[in-house]
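Quick notes on the structure that follows.
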Amino acid sequence: WLKLESRALQNVARRTRSGRSAMPSASGLLAGLGAFLSAPTLVTGDLPLHCLPEDILGEWTFVTDGAPSEVGGGIQTCGHATPNGVKSMLSLVGAESREKLVHESERFRVALTNLVEGEGDDRHLVAASSDGRRGRWTMVFDEGFEVRFEDQSYFAHFEFEVMPGKTASEGDMLDKIAKFYGQAQNHTMRPAATPSNQVYACHCERTSVGWHTRQGAGGSRRHGCFHAHRSGDGSAFAALGA
């Protein structure tokens with residue numbers, strides 16, 4: 001069931017032969033996130049990330065703080081700067097940052113599947129949680145993913161880090177990736193060949209700290225922070241395709 005349905009995914013996986021994403025930059029993403037949170041926008045540019053849907057399929061463990069804050073009380077930046085960028089993202093790398101920014105309130109598993117449901121504009125890829133919820137997921141450019149379950153939404157970038165002895169610079173993009181983690185066998189993007197460009201490790205198997213929202217009391221929206229990592233191939237959820 002993890003075999004890709006390429007036609008259903010081609011709109012989220014397009015890229016040029018040079019490896020640059022054929023989709024808009026991530027600035028549009030976080031503009032949308034601002035509306036999604038009904039709060040001021042966090043803005044970022046392209047980042048040294050490049051992950052495809054085939055890299056992401058499988059079982060993920062989500063760790064959240066339970067969305068403790070009312071949206072009207074001000075957006076939680078979840079450790080990101082405004083505007084966001086390479087160095088801001090790097091400040092979130094590692095278990096210590098994740099534990100500091102996400103005070104764990106809940107933990108659950110989510111299968112990001114290739115199962116397609118719906119018709120027309122409602123056609124979507126299925127996400128299924130270990131507690132029985134069924135929702136949808138999508139790649140957001142080649143830099144992150146969004147998952148939705150009824151009144152709950154989750155978005156995060158994938159994580160990247162600086163290789164030993166290298167220096168990060170704002171504006172660096174995917175042509176500076178030296179190593180991929182969690183890359184599927186049929187992922188055609190290869191690390192930078194020039195030593196001077198071998199700056200970052202791109203992690204397609206885990207996220208940076210991201211944002212989530214859910215319904216609160218009286219119809220209000222609550223928001224908080226989360227992170228996720230791939231924890232299996234999704235075999236525990238294989239019955240979804242039956």
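To be explicit about the labels: the chains of the structure tokens are called A, B, and onward in the order shown, and within each one the residues are counted from 1, while ligands get numbers from 1 in the order they are shown.
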Please provide as an NGL selection string all residues within 9 Å of range 160-177 of chain A, with the sequence filter that same-chain residues fewer than 3 positions apart are discarded (counting only C-alpha atoms).
:A and (19-21 or 45-50 or 85-87 or 89-90 or 93 or 180 or 190-192 or 196-204 or 207-208)
Expected answer as a list in words: helix (DSSP H, G or I) residues in range 49-207 of chain A:
Pro53, Glu54, Asp55, Ile56, Val71, Gly72, Gly73, Val86, Lys87, Ser88, Met89, Leu90, Ala95, Glu96, Ser97, Arg98, Glu99, Lys100, Leu101, Gly120, Asp121, Asp122, Leu174, Asp175, Lys176, Pro195, Ser196 and Asn197 of chain A
CA of Ser129 in chain A to CA of Arg230 in chain A: how many Å, to one decimal?
13.3 Å
Looking at only C-alpha atoms, which of A:Ala184, A:Val209, A:Leu92, A:Leu57 is the one that sits closest to Leu115 in chain A?
A:Leu57
All strand (DSSP E or B) positions in range 71-222 of chain A, as an MDAnalysis selection string:
chainID A and resid 106:117 124:129 134:140 144:149 152:162 177:181 200:207 210:215 221:222
What separation in Å, quoted to one decimal, exists between CA of His124 in chain A and CA of Arg136 in chain A?
6.2 Å
Nearby residues (only C-alpha atoms) at most 10 Å from range 143-158 of chain A, same-chain spacing under 6 positions excluded, as a PyMOL selection string:
chain A and resi 21+25-26+29-30+33+36-37+46-53+56+62+64+67+89+110+112+125-129+133-137+174+202-216+221-229
Go ahead and compute the interatomic distance for CA of Glu96 in chain A and CA of Ser231 in chain A, in Å to one decimal.
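The value is 19.3 Å.
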Which of these, A:Ala178, A:Thr138, A:Ser130, A:Asp121, has the shortest distance to Trp60 in chain A once you count only C-alpha atoms?
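Going through A:Ala178, A:Thr138, A:Ser130, A:Asp121 one by one, the smallest distance to Trp60 in chain A is for A:Ser130.
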With only C-alpha atoms as the atoms that count, which of A:Asp65, A:Asp131, A:Glu54, A:Glu59 lies nearest to Lys100 in chain A?
A:Asp65
